[in-house]
>>> print(open('run_21.txt').read())   # compact mmCIF, N, CA and C atoms
# COMPACT_ATOMS: atom_id res chain seq x y z
N MET A 1 12.85 1.74 17.13
CA MET A 1 13.70 1.22 18.18
C MET A 1 14.69 0.24 17.54
N PRO A 2 15.93 0.27 17.97
CA PRO A 2 16.94 -0.63 17.40
C PRO A 2 16.55 -2.10 17.61
N PRO A 3 17.00 -2.98 16.71
CA PRO A 3 16.61 -4.40 16.81
C PRO A 3 16.89 -5.04 18.16
N ALA A 4 18.04 -4.79 18.75
CA ALA A 4 18.37 -5.42 20.04
C ALA A 4 17.41 -4.95 21.13
N GLN A 5 17.11 -3.66 21.15
CA GLN A 5 16.18 -3.12 22.14
C GLN A 5 14.77 -3.66 21.90
N ARG A 6 14.41 -3.77 20.63
CA ARG A 6 13.09 -4.30 20.27
C ARG A 6 12.97 -5.74 20.76
N GLU A 7 14.02 -6.54 20.57
CA GLU A 7 13.97 -7.94 21.01
C GLU A 7 13.83 -8.03 22.52
N ARG A 8 14.53 -7.16 23.26
CA ARG A 8 14.37 -7.15 24.73
C ARG A 8 12.93 -6.80 25.10
N PHE A 9 12.34 -5.86 24.34
CA PHE A 9 10.94 -5.52 24.59
C PHE A 9 10.04 -6.72 24.35
N PHE A 10 10.26 -7.42 23.23
CA PHE A 10 9.45 -8.61 22.93
C PHE A 10 9.55 -9.64 24.05
N GLN A 11 10.75 -9.85 24.53
CA GLN A 11 10.97 -10.87 25.57
C GLN A 11 10.30 -10.49 26.90
N SER A 12 10.17 -9.19 27.16
CA SER A 12 9.60 -8.77 28.44
C SER A 12 8.13 -8.36 28.33
N SER A 13 7.56 -8.45 27.15
CA SER A 13 6.17 -8.03 26.95
C SER A 13 5.22 -9.21 27.16
N PRO A 14 4.38 -9.13 28.18
CA PRO A 14 3.39 -10.20 28.39
C PRO A 14 2.44 -10.35 27.20
N ALA A 15 2.04 -9.24 26.60
CA ALA A 15 1.11 -9.30 25.47
C ALA A 15 1.77 -10.03 24.29
N PHE A 16 3.03 -9.75 24.03
CA PHE A 16 3.73 -10.41 22.93
C PHE A 16 3.91 -11.90 23.24
N GLN A 17 4.21 -12.22 24.47
CA GLN A 17 4.42 -13.62 24.86
C GLN A 17 3.12 -14.43 24.77
N ARG A 18 1.97 -13.78 24.91
CA ARG A 18 0.68 -14.48 24.81
C ARG A 18 0.30 -14.77 23.36
N MET A 19 0.95 -14.12 22.42
CA MET A 19 0.64 -14.33 21.00
C MET A 19 1.11 -15.70 20.56
N SER A 20 0.46 -16.20 19.53
CA SER A 20 0.88 -17.48 18.96
C SER A 20 2.25 -17.31 18.30
N PRO A 21 2.98 -18.40 18.13
CA PRO A 21 4.28 -18.31 17.44
C PRO A 21 4.14 -17.71 16.04
N GLN A 22 3.04 -17.99 15.36
CA GLN A 22 2.82 -17.44 14.02
C GLN A 22 2.66 -15.92 14.08
N GLN A 23 1.91 -15.43 15.06
CA GLN A 23 1.72 -13.98 15.21
C GLN A 23 3.05 -13.31 15.56
N GLN A 24 3.80 -13.93 16.45
CA GLN A 24 5.10 -13.37 16.83
C GLN A 24 6.02 -13.31 15.61
N SER A 25 6.02 -14.37 14.84
CA SER A 25 6.86 -14.43 13.65
C SER A 25 6.46 -13.34 12.65
N LYS A 26 5.18 -13.16 12.46
CA LYS A 26 4.71 -12.14 11.52
C LYS A 26 5.17 -10.75 11.96
N ILE A 27 5.06 -10.46 13.23
CA ILE A 27 5.48 -9.15 13.74
C ILE A 27 6.98 -8.98 13.54
N ARG A 28 7.75 -10.00 13.84
CA ARG A 28 9.21 -9.92 13.65
C ARG A 28 9.55 -9.69 12.17
N GLN A 29 8.83 -10.39 11.28
CA GLN A 29 9.08 -10.22 9.84
C GLN A 29 8.75 -8.81 9.38
N GLN A 30 7.66 -8.25 9.91
CA GLN A 30 7.30 -6.88 9.53
C GLN A 30 8.37 -5.89 9.98
N PHE A 31 8.88 -6.07 11.18
CA PHE A 31 9.96 -5.20 11.65
C PHE A 31 11.23 -5.41 10.84
N ASP A 32 11.50 -6.64 10.46
CA ASP A 32 12.68 -6.93 9.64
C ASP A 32 12.58 -6.22 8.29
N ARG A 33 11.39 -6.28 7.68
CA ARG A 33 11.18 -5.56 6.40
C ARG A 33 11.40 -4.07 6.59
N TRP A 34 10.86 -3.53 7.68
CA TRP A 34 11.01 -2.09 7.96
C TRP A 34 12.50 -1.75 8.12
N ASP A 35 13.23 -2.58 8.82
CA ASP A 35 14.66 -2.32 9.04
C ASP A 35 15.45 -2.28 7.73
N HIS A 36 14.98 -2.98 6.72
CA HIS A 36 15.70 -3.06 5.45
C HIS A 36 15.19 -2.09 4.39
N MET A 37 14.21 -1.26 4.76
CA MET A 37 13.68 -0.27 3.81
C MET A 37 14.60 0.95 3.75
N THR A 38 14.58 1.59 2.58
CA THR A 38 15.27 2.87 2.44
C THR A 38 14.43 3.94 3.14
N PRO A 39 15.01 5.09 3.42
CA PRO A 39 14.20 6.16 4.02
C PRO A 39 12.98 6.53 3.15
N GLN A 40 13.13 6.52 1.83
CA GLN A 40 11.99 6.84 0.95
C GLN A 40 10.91 5.76 1.06
N GLN A 41 11.32 4.50 1.11
CA GLN A 41 10.34 3.42 1.25
C GLN A 41 9.60 3.53 2.58
N ARG A 42 10.32 3.90 3.63
CA ARG A 42 9.67 4.07 4.93
C ARG A 42 8.67 5.21 4.88
N ALA A 43 9.05 6.31 4.25
CA ALA A 43 8.14 7.46 4.13
C ALA A 43 6.90 7.07 3.32
N ASP A 44 7.11 6.34 2.23
CA ASP A 44 5.98 5.88 1.41
C ASP A 44 5.05 4.98 2.22
N GLN A 45 5.62 4.06 2.98
CA GLN A 45 4.82 3.14 3.78
C GLN A 45 4.05 3.90 4.86
N THR A 46 4.69 4.86 5.48
CA THR A 46 4.03 5.66 6.51
C THR A 46 2.86 6.42 5.91
N GLU A 47 3.05 6.97 4.70
CA GLU A 47 1.96 7.68 4.02
C GLU A 47 0.83 6.73 3.67
N LYS A 48 1.15 5.53 3.18
CA LYS A 48 0.11 4.55 2.86
C LYS A 48 -0.71 4.21 4.10
N GLU A 49 -0.04 4.05 5.22
CA GLU A 49 -0.74 3.73 6.46
C GLU A 49 -1.62 4.89 6.90
N ALA A 50 -1.15 6.12 6.72
CA ALA A 50 -1.95 7.29 7.08
C ALA A 50 -3.18 7.39 6.19
N VAL A 51 -3.02 7.13 4.89
CA VAL A 51 -4.16 7.14 3.97
C VAL A 51 -5.17 6.09 4.40
N TRP A 52 -4.69 4.89 4.69
CA TRP A 52 -5.57 3.80 5.11
C TRP A 52 -6.35 4.18 6.38
N ALA A 53 -5.68 4.83 7.32
CA ALA A 53 -6.34 5.22 8.58
C ALA A 53 -7.44 6.26 8.35
N ARG A 54 -7.30 7.07 7.31
CA ARG A 54 -8.30 8.11 7.03
C ARG A 54 -9.50 7.58 6.22
N MET A 55 -9.39 6.38 5.71
CA MET A 55 -10.47 5.85 4.86
C MET A 55 -11.66 5.42 5.70
N THR A 56 -12.83 5.53 5.08
CA THR A 56 -14.05 5.05 5.74
C THR A 56 -14.07 3.52 5.69
N PRO A 57 -14.87 2.89 6.52
CA PRO A 57 -14.98 1.43 6.44
C PRO A 57 -15.42 0.96 5.05
N GLU A 58 -16.30 1.71 4.40
CA GLU A 58 -16.75 1.34 3.07
C GLU A 58 -15.61 1.39 2.05
N GLN A 59 -14.79 2.44 2.16
CA GLN A 59 -13.64 2.56 1.25
C GLN A 59 -12.65 1.42 1.48
N LYS A 60 -12.41 1.09 2.73
CA LYS A 60 -11.50 -0.01 3.05
C LYS A 60 -12.03 -1.33 2.49
N ASP A 61 -13.33 -1.55 2.65
CA ASP A 61 -13.93 -2.78 2.10
C ASP A 61 -13.78 -2.83 0.58
N HIS A 62 -14.00 -1.70 -0.07
CA HIS A 62 -13.86 -1.66 -1.53
C HIS A 62 -12.44 -2.02 -1.95
N ILE A 63 -11.45 -1.46 -1.27
CA ILE A 63 -10.05 -1.76 -1.60
C ILE A 63 -9.77 -3.23 -1.35
N LYS A 64 -10.14 -3.74 -0.18
CA LYS A 64 -9.86 -5.13 0.18
C LYS A 64 -10.59 -6.13 -0.71
N ASN A 65 -11.86 -5.84 -1.01
CA ASN A 65 -12.69 -6.83 -1.70
C ASN A 65 -12.74 -6.68 -3.21
N ASP A 66 -12.49 -5.48 -3.71
CA ASP A 66 -12.62 -5.24 -5.15
C ASP A 66 -11.29 -4.92 -5.82
N VAL A 67 -10.55 -3.97 -5.26
CA VAL A 67 -9.33 -3.49 -5.92
C VAL A 67 -8.16 -4.46 -5.76
N LEU A 68 -7.88 -4.88 -4.54
CA LEU A 68 -6.71 -5.76 -4.33
C LEU A 68 -6.81 -7.10 -5.05
N PRO A 69 -7.98 -7.76 -5.05
CA PRO A 69 -8.02 -9.03 -5.80
C PRO A 69 -7.72 -8.84 -7.28
N VAL A 70 -8.22 -7.76 -7.88
CA VAL A 70 -7.93 -7.49 -9.29
C VAL A 70 -6.44 -7.21 -9.47
N TRP A 71 -5.89 -6.40 -8.57
CA TRP A 71 -4.46 -6.05 -8.64
C TRP A 71 -3.58 -7.29 -8.55
N ARG A 72 -3.89 -8.18 -7.64
CA ARG A 72 -3.07 -9.39 -7.44
C ARG A 72 -3.09 -10.31 -8.66
N GLN A 73 -4.19 -10.31 -9.39
CA GLN A 73 -4.31 -11.19 -10.56
C GLN A 73 -3.79 -10.55 -11.84
N MET A 74 -3.48 -9.29 -11.78
CA MET A 74 -3.08 -8.55 -12.97
C MET A 74 -1.65 -8.92 -13.39
N PRO A 75 -1.43 -9.10 -14.68
CA PRO A 75 -0.06 -9.37 -15.15
C PRO A 75 0.87 -8.20 -14.83
N GLN A 76 2.15 -8.53 -14.67
CA GLN A 76 3.15 -7.55 -14.26
C GLN A 76 3.20 -6.34 -15.19
N ASP A 77 3.09 -6.53 -16.50
CA ASP A 77 3.20 -5.40 -17.42
C ASP A 77 2.04 -4.42 -17.23
N ARG A 78 0.86 -4.93 -16.94
CA ARG A 78 -0.28 -4.04 -16.70
C ARG A 78 -0.12 -3.30 -15.37
N ARG A 79 0.39 -4.00 -14.36
CA ARG A 79 0.63 -3.32 -13.08
C ARG A 79 1.65 -2.21 -13.24
N GLN A 80 2.70 -2.48 -14.02
CA GLN A 80 3.72 -1.45 -14.23
C GLN A 80 3.16 -0.24 -14.95
N ALA A 81 2.30 -0.47 -15.93
CA ALA A 81 1.68 0.64 -16.65
C ALA A 81 0.84 1.50 -15.70
N ILE A 82 0.12 0.85 -14.81
CA ILE A 82 -0.69 1.59 -13.84
C ILE A 82 0.21 2.33 -12.86
N GLN A 83 1.26 1.67 -12.39
CA GLN A 83 2.17 2.31 -11.44
C GLN A 83 2.85 3.54 -12.05
N GLN A 84 3.21 3.47 -13.31
CA GLN A 84 3.82 4.63 -13.97
C GLN A 84 2.87 5.81 -13.95
N ARG A 85 1.63 5.55 -14.25
CA ARG A 85 0.63 6.63 -14.25
C ARG A 85 0.36 7.12 -12.83
N LEU A 86 0.36 6.22 -11.86
CA LEU A 86 0.16 6.64 -10.47
C LEU A 86 1.26 7.58 -10.01
N ARG A 87 2.49 7.32 -10.44
CA ARG A 87 3.59 8.21 -10.05
C ARG A 87 3.38 9.61 -10.61
N VAL A 88 2.82 9.70 -11.80
CA VAL A 88 2.53 11.02 -12.38
C VAL A 88 1.46 11.73 -11.55
N LEU A 89 0.47 11.00 -11.09
CA LEU A 89 -0.66 11.58 -10.37
C LEU A 89 -0.38 11.81 -8.89
N GLN A 90 0.68 11.24 -8.39
CA GLN A 90 0.93 11.10 -6.95
C GLN A 90 0.72 12.38 -6.13
N ASN A 91 1.30 13.48 -6.49
CA ASN A 91 1.21 14.67 -5.64
C ASN A 91 0.31 15.76 -6.21
N MET A 92 -0.55 15.38 -7.14
CA MET A 92 -1.44 16.36 -7.75
C MET A 92 -2.63 16.64 -6.84
N PRO A 93 -3.11 17.88 -6.89
CA PRO A 93 -4.38 18.15 -6.21
C PRO A 93 -5.51 17.35 -6.88
N GLU A 94 -6.57 17.16 -6.16
CA GLU A 94 -7.68 16.33 -6.63
C GLU A 94 -8.20 16.78 -8.00
N SER A 95 -8.38 18.07 -8.19
CA SER A 95 -8.94 18.55 -9.45
C SER A 95 -8.00 18.26 -10.63
N ALA A 96 -6.71 18.47 -10.43
CA ALA A 96 -5.74 18.19 -11.50
C ALA A 96 -5.66 16.70 -11.78
N ARG A 97 -5.73 15.90 -10.72
CA ARG A 97 -5.67 14.44 -10.88
C ARG A 97 -6.89 13.96 -11.69
N ASN A 98 -8.07 14.46 -11.35
CA ASN A 98 -9.28 14.07 -12.09
C ASN A 98 -9.21 14.51 -13.54
N GLN A 99 -8.69 15.70 -13.78
CA GLN A 99 -8.55 16.18 -15.15
C GLN A 99 -7.63 15.26 -15.94
N ARG A 100 -6.53 14.85 -15.33
CA ARG A 100 -5.58 13.96 -16.00
C ARG A 100 -6.20 12.59 -16.25
N LEU A 101 -6.94 12.08 -15.26
CA LEU A 101 -7.59 10.78 -15.42
C LEU A 101 -8.63 10.79 -16.53
N ASN A 102 -9.23 11.94 -16.78
CA ASN A 102 -10.24 12.06 -17.84
C ASN A 102 -9.63 12.36 -19.21
N ASP A 103 -8.34 12.53 -19.27
CA ASP A 103 -7.66 12.81 -20.54
C ASP A 103 -7.40 11.48 -21.25
N PRO A 104 -8.03 11.24 -22.41
CA PRO A 104 -7.85 9.96 -23.11
C PRO A 104 -6.40 9.68 -23.48
N ARG A 105 -5.61 10.71 -23.66
CA ARG A 105 -4.18 10.48 -23.99
C ARG A 105 -3.44 9.88 -22.80
N PHE A 106 -3.85 10.24 -21.59
CA PHE A 106 -3.18 9.74 -20.39
C PHE A 106 -3.45 8.25 -20.18
N THR A 107 -4.65 7.82 -20.54
CA THR A 107 -5.02 6.41 -20.31
C THR A 107 -5.02 5.62 -21.62
N GLU A 108 -4.41 6.17 -22.64
CA GLU A 108 -4.37 5.50 -23.94
C GLU A 108 -3.77 4.10 -23.81
N GLY A 109 -4.42 3.13 -24.45
CA GLY A 109 -3.94 1.76 -24.45
C GLY A 109 -4.35 0.94 -23.24
N MET A 110 -5.08 1.54 -22.32
CA MET A 110 -5.50 0.83 -21.11
C MET A 110 -6.91 0.27 -21.30
N SER A 111 -7.14 -0.91 -20.73
CA SER A 111 -8.47 -1.49 -20.74
C SER A 111 -9.37 -0.73 -19.76
N ASP A 112 -10.67 -0.94 -19.86
CA ASP A 112 -11.61 -0.30 -18.93
C ASP A 112 -11.31 -0.73 -17.49
N GLU A 113 -10.97 -2.01 -17.32
CA GLU A 113 -10.64 -2.52 -15.98
C GLU A 113 -9.40 -1.82 -15.42
N ASP A 114 -8.37 -1.64 -16.27
CA ASP A 114 -7.15 -0.97 -15.83
C ASP A 114 -7.43 0.49 -15.48
N LYS A 115 -8.28 1.14 -16.27
CA LYS A 115 -8.63 2.54 -16.00
C LYS A 115 -9.36 2.65 -14.65
N ALA A 116 -10.26 1.70 -14.39
CA ALA A 116 -11.00 1.70 -13.12
C ALA A 116 -10.04 1.48 -11.95
N THR A 117 -9.09 0.57 -12.12
CA THR A 117 -8.10 0.31 -11.07
C THR A 117 -7.24 1.55 -10.85
N LEU A 118 -6.81 2.18 -11.94
CA LEU A 118 -6.01 3.40 -11.84
C LEU A 118 -6.79 4.47 -11.09
N ARG A 119 -8.05 4.64 -11.44
CA ARG A 119 -8.87 5.66 -10.77
C ARG A 119 -8.99 5.35 -9.27
N ASP A 120 -9.28 4.11 -8.93
CA ASP A 120 -9.39 3.74 -7.51
C ASP A 120 -8.09 4.00 -6.76
N LEU A 121 -6.98 3.56 -7.33
CA LEU A 121 -5.70 3.71 -6.65
C LEU A 121 -5.23 5.16 -6.61
N SER A 122 -5.60 5.94 -7.61
CA SER A 122 -5.15 7.33 -7.63
C SER A 122 -5.73 8.12 -6.47
N HIS A 123 -6.87 7.70 -5.99
CA HIS A 123 -7.49 8.41 -4.87
C HIS A 123 -6.89 8.00 -3.53
N LEU A 124 -5.99 7.05 -3.55
CA LEU A 124 -5.25 6.70 -2.33
C LEU A 124 -4.06 7.63 -2.14
N HIS A 125 -3.73 8.41 -3.17
CA HIS A 125 -2.65 9.39 -3.12
C HIS A 125 -1.29 8.74 -2.88
N VAL A 126 -1.07 7.60 -3.46
CA VAL A 126 0.22 6.94 -3.36
C VAL A 126 0.68 6.57 -4.75
N GLY A 127 1.98 6.41 -4.91
CA GLY A 127 2.51 6.14 -6.25
C GLY A 127 2.90 4.71 -6.49
N GLY A 128 2.81 3.87 -5.49
CA GLY A 128 3.25 2.49 -5.69
C GLY A 128 2.10 1.53 -5.68
N ALA A 129 2.44 0.28 -5.69
CA ALA A 129 1.44 -0.77 -5.67
C ALA A 129 0.72 -0.76 -4.34
N PRO A 130 -0.53 -1.17 -4.33
CA PRO A 130 -1.23 -1.23 -3.06
C PRO A 130 -0.68 -2.34 -2.17
N ASP A 131 -0.64 -2.06 -0.92
CA ASP A 131 -0.25 -3.08 0.05
C ASP A 131 -1.51 -3.59 0.71
N PRO A 132 -1.58 -4.90 0.90
CA PRO A 132 -2.74 -5.41 1.64
C PRO A 132 -2.77 -4.80 3.03
N PRO A 133 -3.93 -4.56 3.57
CA PRO A 133 -4.03 -3.99 4.91
C PRO A 133 -3.27 -4.82 5.93
N GLY A 134 -2.58 -4.14 6.83
CA GLY A 134 -1.86 -4.82 7.89
C GLY A 134 -0.53 -5.40 7.48
N GLU A 135 -0.07 -5.14 6.26
CA GLU A 135 1.22 -5.66 5.83
C GLU A 135 2.14 -4.51 5.52
>>> encode(input="run_21.txt", output="C-alpha cells")
Amino acid sequence: MPPAQRERFFQSSPAFQRMSPQQQSKIRQQFDRWDHMTPQQRADQTEKEAVWARMTPEQKDHIKNDVLPVWRQMPQDRRQAIQQRLRVLQNMPESARNQRLNDPRFTEGMSDEDKATLRDLSHLHVGGAPDPPGE
C-alpha cells in the first residue's frame, strides 16, 4: 500500500493506536525500509520470511539462540566469505548443496565454526546474511 494510504490506515486503526509509541515507530521503520528496497531485495526478504514460516519451533530456536549470536559476533571478512559461498549454494537442490558442502575445496580456508555456520545457513535456502526474526 502506498505510504500516504498506509498512514491513513495507521491513523484509523484502533489496534495500531493502542500500541506503544515504540511499537508504532518500529512498524513505521520496517515499512520505510521496505519502501526503499529494490525489487530483488523485496523478493529476497519475502523468501526469507517464507523460509522462516516453514521452520519448526526447534529450528527457529536453533537459529535465534545458536546461529545468529555467532553471526553477529563474526568479523566482516568471515561473514563475507560465508555469504559468497551461500550465493553459490542458493538455488541448488538439497543433494547438490550437501555434496558441495562436503567438498573440502569449497570450504577451504574456513574454520570449523564457519563451516558449521555455512551449513546451518545453507539449509535456509537464502543467499544473504540472516535477518533476526521479525526484522
>>> atom_distance(input="run_21.txt", atom1="atom CA of A:Ala43", atom2="atom CA of A:Arg85")
19.9 Å
>>> atom_distance(input="run_21.txt", atom1="atom C of A:Glu49", atom2="atom CA of A:Arg6")
21.9 Å
>>> closest_residue(input="run_21.txt", among="A:Glu58, A:Val67, A:Glu47, A:Gln17", to="A:Thr117", atoms="only N, CA and C atoms")
A:Val67
>>> closest_atom_pairs(input="run_21.txt", of="stretch 41-86 of chain A", to="stretch 25-33 of chain A", cutoff="12 Å", atoms="only C-alpha atoms", output="Markdown table")
| residue | atom | partner | partner_atom | distance |
| --- | --- | --- | --- | --- |
| A:Gln41 | CA | A:Arg33 | CA | 10.4 |
| A:Arg42 | CA | A:Arg33 | CA | 9.9 |
| A:Gln45 | CA | A:Arg33 | CA | 11.1 |
>>> write_last_selection(input="run_21.txt", atoms="N, CA and C atoms", output="mmCIF file, in the frame of the given file")
data_model
loop_
_atom_site.group_PDB
_atom_site.id
_atom_site.type_symbol
_atom_site.label_atom_id
_atom_site.label_comp_id
_atom_site.auth_asym_id
_atom_site.auth_seq_id
_atom_site.Cartn_x
_atom_site.Cartn_y
_atom_site.Cartn_z
ATOM 1 N N GLN A 41 11.320 4.500 1.110
ATOM 2 C CA GLN A 41 10.340 3.420 1.250
ATOM 3 C C GLN A 41 9.600 3.530 2.580
ATOM 4 N N ARG A 42 10.320 3.900 3.630
ATOM 5 C CA ARG A 42 9.670 4.070 4.930
ATOM 6 C C ARG A 42 8.670 5.210 4.880
ATOM 7 N N GLN A 45 5.620 4.060 2.980
ATOM 8 C CA GLN A 45 4.820 3.140 3.780
ATOM 9 C C GLN A 45 4.050 3.900 4.860
#
>>> build_atoms(input="run_21.txt", residues="stretch 18-42 of chain A", atoms="N, CA, C and O atoms", output="mmCIF file, in the frame of the given file")
data_model
loop_
_atom_site.group_PDB
_atom_site.id
_atom_site.type_symbol
_atom_site.label_atom_id
_atom_site.label_comp_id
_atom_site.auth_asym_id
_atom_site.auth_seq_id
_atom_site.Cartn_x
_atom_site.Cartn_y
_atom_site.Cartn_z
ATOM 1 N N ARG A 18 1.970 -13.780 24.910
ATOM 2 C CA ARG A 18 0.680 -14.480 24.810
ATOM 3 C C ARG A 18 0.300 -14.770 23.360
ATOM 4 O O ARG A 18 -0.598 -15.575 23.099
ATOM 5 N N MET A 19 0.950 -14.120 22.420
ATOM 6 C CA MET A 19 0.640 -14.330 21.000
ATOM 7 C C MET A 19 1.110 -15.700 20.560
ATOM 8 O O MET A 19 2.049 -16.263 21.119
ATOM 9 N N SER A 20 0.460 -16.200 19.530
ATOM 10 C CA SER A 20 0.880 -17.480 18.960
ATOM 11 C C SER A 20 2.250 -17.310 18.300
ATOM 12 O O SER A 20 2.638 -16.191 17.937
ATOM 13 N N PRO A 21 2.980 -18.400 18.130
ATOM 14 C CA PRO A 21 4.280 -18.310 17.440
ATOM 15 C C PRO A 21 4.140 -17.710 16.040
ATOM 16 O O PRO A 21 5.017 -16.961 15.594
ATOM 17 N N GLN A 22 3.040 -17.990 15.360
ATOM 18 C CA GLN A 22 2.820 -17.440 14.020
ATOM 19 C C GLN A 22 2.660 -15.920 14.080
ATOM 20 O O GLN A 22 3.219 -15.202 13.250
ATOM 21 N N GLN A 23 1.910 -15.430 15.060
ATOM 22 C CA GLN A 23 1.720 -13.980 15.210
ATOM 23 C C GLN A 23 3.050 -13.310 15.560
ATOM 24 O O GLN A 23 3.379 -12.256 15.024
ATOM 25 N N GLN A 24 3.800 -13.930 16.450
ATOM 26 C CA GLN A 24 5.100 -13.370 16.830
ATOM 27 C C GLN A 24 6.020 -13.310 15.610
ATOM 28 O O GLN A 24 6.704 -12.318 15.382
ATOM 29 N N SER A 25 6.020 -14.370 14.840
ATOM 30 C CA SER A 25 6.860 -14.430 13.650
ATOM 31 C C SER A 25 6.460 -13.340 12.650
ATOM 32 O O SER A 25 7.330 -12.688 12.053
ATOM 33 N N LYS A 26 5.180 -13.160 12.460
ATOM 34 C CA LYS A 26 4.710 -12.140 11.520
ATOM 35 C C LYS A 26 5.170 -10.750 11.960
ATOM 36 O O LYS A 26 5.622 -9.948 11.137
ATOM 37 N N ILE A 27 5.060 -10.460 13.230
ATOM 38 C CA ILE A 27 5.480 -9.150 13.740
ATOM 39 C C ILE A 27 6.980 -8.980 13.540
ATOM 40 O O ILE A 27 7.441 -7.922 13.083
ATOM 41 N N ARG A 28 7.750 -10.000 13.840
ATOM 42 C CA ARG A 28 9.210 -9.920 13.650
ATOM 43 C C ARG A 28 9.550 -9.690 12.170
ATOM 44 O O ARG A 28 10.446 -8.921 11.838
ATOM 45 N N GLN A 29 8.830 -10.390 11.280
ATOM 46 C CA GLN A 29 9.080 -10.220 9.840
ATOM 47 C C GLN A 29 8.750 -8.810 9.380
ATOM 48 O O GLN A 29 9.468 -8.228 8.566
ATOM 49 N N GLN A 30 7.660 -8.250 9.910
ATOM 50 C CA GLN A 30 7.300 -6.880 9.530
ATOM 51 C C GLN A 30 8.370 -5.890 9.980
ATOM 52 O O GLN A 30 8.741 -4.988 9.225
ATOM 53 N N PHE A 31 8.880 -6.070 11.180
ATOM 54 C CA PHE A 31 9.960 -5.200 11.650
ATOM 55 C C PHE A 31 11.230 -5.410 10.840
ATOM 56 O O PHE A 31 11.952 -4.457 10.528
ATOM 57 N N ASP A 32 11.500 -6.640 10.460
ATOM 58 C CA ASP A 32 12.680 -6.930 9.640
ATOM 59 C C ASP A 32 12.580 -6.220 8.290
ATOM 60 O O ASP A 32 13.544 -5.635 7.804
ATOM 61 N N ARG A 33 11.390 -6.280 7.680
ATOM 62 C CA ARG A 33 11.180 -5.560 6.400
ATOM 63 C C ARG A 33 11.400 -4.070 6.590
ATOM 64 O O ARG A 33 12.024 -3.409 5.770
ATOM 65 N N TRP A 34 10.860 -3.530 7.680
ATOM 66 C CA TRP A 34 11.010 -2.090 7.960
ATOM 67 C C TRP A 34 12.500 -1.750 8.120
ATOM 68 O O TRP A 34 12.955 -0.729 7.582
ATOM 69 N N ASP A 35 13.230 -2.580 8.820
ATOM 70 C CA ASP A 35 14.660 -2.320 9.040
ATOM 71 C C ASP A 35 15.450 -2.280 7.730
ATOM 72 O O ASP A 35 16.480 -1.610 7.650
ATOM 73 N N HIS A 36 14.980 -2.980 6.720
ATOM 74 C CA HIS A 36 15.700 -3.060 5.450
ATOM 75 C C HIS A 36 15.190 -2.090 4.390
ATOM 76 O O HIS A 36 15.662 -2.094 3.266
ATOM 77 N N MET A 37 14.210 -1.260 4.760
ATOM 78 C CA MET A 37 13.680 -0.270 3.810
ATOM 79 C C MET A 37 14.600 0.950 3.750
ATOM 80 O O MET A 37 15.260 1.299 4.731
ATOM 81 N N THR A 38 14.580 1.590 2.580
ATOM 82 C CA THR A 38 15.270 2.870 2.440
ATOM 83 C C THR A 38 14.430 3.940 3.140
ATOM 84 O O THR A 38 13.223 3.728 3.383
ATOM 85 N N PRO A 39 15.010 5.090 3.420
ATOM 86 C CA PRO A 39 14.200 6.160 4.020
ATOM 87 C C PRO A 39 12.980 6.530 3.150
ATOM 88 O O PRO A 39 11.903 6.786 3.690
ATOM 89 N N GLN A 40 13.130 6.520 1.830
ATOM 90 C CA GLN A 40 11.990 6.840 0.950
ATOM 91 C C GLN A 40 10.910 5.760 1.060
ATOM 92 O O GLN A 40 9.725 6.069 1.100
ATOM 93 N N GLN A 41 11.320 4.500 1.110
ATOM 94 C CA GLN A 41 10.340 3.420 1.250
ATOM 95 C C GLN A 41 9.600 3.530 2.580
ATOM 96 O O GLN A 41 8.402 3.286 2.650
ATOM 97 N N ARG A 42 10.320 3.900 3.630
ATOM 98 C CA ARG A 42 9.670 4.070 4.930
ATOM 99 C C ARG A 42 8.670 5.210 4.880
ATOM 100 O O ARG A 42 7.565 5.092 5.402
#
